[in-house]
Amino acid sequence: MTKSKSLFSALFCTFIWGTTFIAQDTGMDKIGPLTFNATRFFVGFLSIIPFALLFEKKKIIKEINDNKQLFYKMLFWVGLFLFLGTYFQQTALLYTDVANAAFFTIFYVPMVPIILFFFYSKSIHWSIWPSALFCIVGVYLLSDFSDATVRLGDSLVILCAFFWALHIIFIGNFIKNFNLPLFFGAMQALVVSFFSFVFAIFFETITIPNILNESISIIYAGILSGGIAFTLQIFAQKNISSAPAAIIFSLEGVFAAIAAWIILNQILDLDSIIGCFLILFAVLLSQLLPIYDSKIKNK
């Protein structure tokens with residue numbers, strides 16, 4: 001897959017995340033966050049696994065058998081990080097507002113290069129650091145966080161950001177070893193659904209009528225976000241390293257704001273528009289400067 005296709009996958013992925021945020025927020029009127037995630041990601045699994053078996057059937061057995069231990073190890077950790085990230089995000093929405101959630105979630109952008117640099121000793125292009133700063137300032141303006149009150153639930157969002165960061169890093173490691181984006185996308189959704197269901201049994205009341213009452217939000221968020229978007233993330237990270245990928249994924253806030261403007265007629269004020277442009281600038285900075293430096297070195 002070429003770099004341009006990976007970039008398109010990343011942008012389409014963030015577009016889906018941004019436009020399904022409303023479904024995630026409204027899908028918990030009758031059910032808890034664990035039940036919502038259990039059903040949402042099971043729907044995501046069902047939406048992707050037919051395509052995985054259709055297009056990757058011949059590769060699945062061969063690639064897994066070549067390194068079975070690494071595959072299941074990666075599947076466990078990626079599934080666990082995604083489960084924890086989505087759980088803390090969904091739970092945080094019960095205790096804080098969207099402005100706080102949007103602002104603190106974006107902390108995964110600087111967390112990814114920090115973890116890579118200090119714990120994995122990976123070299124990070126210098127453009128990532130100013131890009132991450134522009135991204136955080138942009139989300140600050142976009143989320144209108146200045147008018148929000150910091151709540152106890154915001155700590156859950158920071159935990160969510162930490163696990164998002166680990167998920168992005170581990171997806172980057174997985175796709176370097178296995179060329180099974182569809183199958184792995186389906187299986188990670190199944191793992192998240194399993195973890196969510198097990199904990200929901202102990203901590204929430206699961207009732208079929210309440211689940212059916214939220215069926216529209218579950219199906220919408222499940223197919224688009226739980227299935228398609230997280231699979232596109234794997235495609236995206238095939239040719240985009242984890243740190244710049246995290247910056248691209250931050251465009252989720254921009255797409256969410258545009259969707260609210262178009263669908264909900266929410267007017268974008270000057271701060272929001274400036275925030276959108278700062279995030280776009282951060283994405284361009286993280287993508288174009290490494291290319292420019294590479295051309296300079298090769299001359």
# chains A, B, ... in the order shown; residues from 1 in each chain; ligands from 1
>>> closest_atom_pairs(of="segment 42-107 of chain A", to="segment 171-191 of chain A", cutoff="9 Å", atoms="only C-alpha atoms", output="tab-separated table")
residue	atom	partner	partner_atom	distance
A:Phe42	CA	A:Leu190	CA	5.8
A:Val43	CA	A:Ala189	CA	8.6
A:Gly44	CA	A:Ala189	CA	6.2
A:Phe45	CA	A:Ala186	CA	4.6
A:Leu46	CA	A:Ala186	CA	7.5
A:Ser47	CA	A:Ala186	CA	8.0
A:Ile48	CA	A:Ala186	CA	5.4
A:Ile49	CA	A:Ala186	CA	5.4
A:Phe51	CA	A:Leu182	CA	7.0
A:Ala52	CA	A:Phe183	CA	4.8
A:Leu53	CA	A:Phe183	CA	7.4
A:Phe55	CA	A:Leu182	CA	8.3
A:Glu56	CA	A:Leu180	CA	6.9
A:Lys57	CA	A:Phe183	CA	8.7
A:Lys59	CA	A:Leu180	CA	7.5
A:Ile60	CA	A:Leu180	CA	6.9
A:Glu63	CA	A:Phe178	CA	6.6
A:Ile64	CA	A:Phe178	CA	8.1
A:Asn67	CA	A:Asn177	CA	8.9
A:Leu70	CA	A:Asn177	CA	8.8
A:Phe71	CA	A:Phe174	CA	7.9
A:Met74	CA	A:Phe174	CA	6.6
A:Leu75	CA	A:Gln188	CA	6.3
A:Phe76	CA	A:Val191	CA	7.5
A:Val78	CA	A:Ile171	CA	6.9
A:Gly79	CA	A:Gln188	CA	4.9
A:Leu80	CA	A:Val191	CA	7.5
A:Leu82	CA	A:Gln188	CA	8.0
A:Phe83	CA	A:Val191	CA	7.9
>>> write_last_selection(atoms="C-alpha atoms", output="PDB file, in the first residue's frame")
ATOM      1  CA  PHE A  42     -19.497  -7.178  18.412  1.00  0.00           C
ATOM      2  CA  VAL A  43     -21.415  -5.457  15.611  1.00  0.00           C
ATOM      3  CA  GLY A  44     -18.046  -4.118  14.413  1.00  0.00           C
ATOM      4  CA  PHE A  45     -16.639  -7.650  14.393  1.00  0.00           C
ATOM      5  CA  LEU A  46     -19.601  -8.973  12.403  1.00  0.00           C
ATOM      6  CA  SER A  47     -19.242  -6.161   9.852  1.00  0.00           C
ATOM      7  CA  ILE A  48     -15.552  -6.843   9.110  1.00  0.00           C
ATOM      8  CA  ILE A  49     -15.025 -10.606   9.491  1.00  0.00           C
ATOM      9  CA  PHE A  51     -14.450  -9.262   4.246  1.00  0.00           C
ATOM     10  CA  ALA A  52     -11.459 -10.644   6.146  1.00  0.00           C
ATOM     11  CA  LEU A  53     -12.391 -14.218   5.221  1.00  0.00           C
ATOM     12  CA  PHE A  55      -9.880 -11.224   0.937  1.00  0.00           C
ATOM     13  CA  GLU A  56      -7.355 -12.590   3.459  1.00  0.00           C
ATOM     14  CA  LYS A  57      -8.398 -16.233   3.876  1.00  0.00           C
ATOM     15  CA  LYS A  59      -2.924 -15.400   4.224  1.00  0.00           C
ATOM     16  CA  ILE A  60      -4.502 -15.851   7.670  1.00  0.00           C
ATOM     17  CA  GLU A  63       1.007 -15.619   8.573  1.00  0.00           C
ATOM     18  CA  ILE A  64      -0.280 -16.722  11.972  1.00  0.00           C
ATOM     19  CA  ASN A  67       4.719 -16.493  14.229  1.00  0.00           C
ATOM     20  CA  LEU A  70       3.647 -12.965  18.476  1.00  0.00           C
ATOM     21  CA  PHE A  71       0.254 -12.737  16.758  1.00  0.00           C
ATOM     22  CA  MET A  74      -0.162  -8.576  19.889  1.00  0.00           C
ATOM     23  CA  LEU A  75      -3.888  -9.355  19.632  1.00  0.00           C
ATOM     24  CA  PHE A  76      -4.198  -9.562  23.421  1.00  0.00           C
ATOM     25  CA  VAL A  78      -3.960  -4.319  21.291  1.00  0.00           C
ATOM     26  CA  GLY A  79      -7.407  -5.583  22.272  1.00  0.00           C
ATOM     27  CA  LEU A  80      -6.774  -4.770  25.937  1.00  0.00           C
ATOM     28  CA  LEU A  82      -8.506  -0.585  22.884  1.00  0.00           C
ATOM     29  CA  PHE A  83     -10.904  -1.960  25.505  1.00  0.00           C
TER      30      PHE A  83
END
>>> atom_distance(atom1="atom CA of Gly226 of chain A", atom2="atom CA of Phe21 of chain A")
11.7 Å
>>> residues_around(residues="segment 271-286 of chain A", least_positions_apart="6", cutoff="10 Å", atoms="only C-alpha atoms", output="ChimeraX atom specification")
/A:125-144,243-255,257-258
>>> closest_residue(among="A:Glu204, A:Cys160, A:Lys122, A:Phe81", to="Phe107 of chain A", atoms="only C-alpha atoms")
A:Cys160
>>> atom_distance(atom1="atom CA of Val198 of chain A", atom2="atom CA of Ser217 of chain A")
21.3 Å
>>> closest_residue(among="A:Phe162, A:Phe170, A:Tyr87, A:Asn239", to="Phe41 of chain A", atoms="only C-alpha atoms")
A:Tyr87
>>> residues_around(residues="Trp17 of chain A", least_positions_apart="5", cutoff="8 Å", atoms="only C-alpha atoms", output="PDB file with N, CA and C atoms, in the first residue's frame")
ATOM      1  N   SER A 225     -17.581   2.967  13.331  1.00  0.00           N
ATOM      2  CA  SER A 225     -16.422   3.219  14.187  1.00  0.00           C
ATOM      3  C   SER A 225     -15.766   1.933  14.666  1.00  0.00           C
ATOM      4  N   ALA A 229     -13.699   2.004  10.946  1.00  0.00           N
ATOM      5  CA  ALA A 229     -12.689   3.006  11.298  1.00  0.00           C
ATOM      6  C   ALA A 229     -11.441   2.388  11.917  1.00  0.00           C
ATOM      7  N   GLU A 252      -9.950  14.192  14.126  1.00  0.00           N
ATOM      8  CA  GLU A 252     -11.265  13.748  14.576  1.00  0.00           C
ATOM      9  C   GLU A 252     -12.080  14.921  15.119  1.00  0.00           C
ATOM     10  N   ALA A 256     -15.582  16.374  13.699  1.00  0.00           N
ATOM     11  CA  ALA A 256     -16.733  16.421  14.605  1.00  0.00           C
ATOM     12  C   ALA A 256     -17.360  17.811  14.595  1.00  0.00           C
TER      13      ALA A 256
END
>>> atom_distance(atom1="atom CA of Ile16 of chain A", atom2="atom CA of Leu166 of chain A")
20.7 Å
>>> select_by_dssp(residues="segment 101-148 of chain A", states="alpha helix (DSSP H)", output="NGL selection string")
:A and (101-105 or 108-119 or 128-142)
>>> write_last_selection(atoms="C-alpha atoms", output="mmCIF file, in the first residue's frame")
data_model
loop_
_atom_site.group_PDB
_atom_site.id
_atom_site.type_symbol
_atom_site.label_atom_id
_atom_site.label_comp_id
_atom_site.auth_asym_id
_atom_site.auth_seq_id
_atom_site.Cartn_x
_atom_site.Cartn_y
_atom_site.Cartn_z
ATOM 1 C CA ALA A 101 -13.492 14.990 26.797
ATOM 2 C CA ALA A 102 -12.349 16.393 23.444
ATOM 3 C CA PHE A 103 -9.516 18.379 25.025
ATOM 4 C CA PHE A 104 -8.066 15.716 27.347
ATOM 5 C CA THR A 105 -8.440 12.845 24.840
ATOM 6 C CA TYR A 108 -2.506 10.944 23.182
ATOM 7 C CA VAL A 109 -0.833 13.074 20.484
ATOM 8 C CA PRO A 110 2.183 14.077 22.636
ATOM 9 C CA MET A 111 2.029 10.800 24.581
ATOM 10 C CA VAL A 112 2.828 8.696 21.487
ATOM 11 C CA PRO A 113 6.204 10.329 20.657
ATOM 12 C CA ILE A 114 7.095 10.581 24.376
ATOM 13 C CA ILE A 115 6.516 6.835 24.883
ATOM 14 C CA LEU A 116 8.347 5.983 21.657
ATOM 15 C CA PHE A 117 11.314 8.209 22.500
ATOM 16 C CA PHE A 118 11.808 7.392 26.189
ATOM 17 C CA PHE A 119 10.646 3.764 26.394
ATOM 18 C CA ILE A 128 6.514 16.045 15.636
ATOM 19 C CA TRP A 129 7.044 18.150 18.774
ATOM 20 C CA PRO A 130 5.813 21.533 17.419
ATOM 21 C CA SER A 131 3.070 19.675 15.515
ATOM 22 C CA ALA A 132 1.844 18.111 18.767
ATOM 23 C CA LEU A 133 1.860 21.543 20.441
ATOM 24 C CA PHE A 134 -0.128 23.137 17.596
ATOM 25 C CA CYS A 135 -2.534 20.219 17.749
ATOM 26 C CA ILE A 136 -3.211 20.635 21.488
ATOM 27 C CA VAL A 137 -3.706 24.400 21.163
ATOM 28 C CA GLY A 138 -6.016 23.804 18.205
ATOM 29 C CA VAL A 139 -8.165 21.333 20.141
ATOM 30 C CA TYR A 140 -8.189 23.727 23.116
ATOM 31 C CA LEU A 141 -9.738 26.413 20.913
ATOM 32 C CA LEU A 142 -11.975 23.967 19.053
#
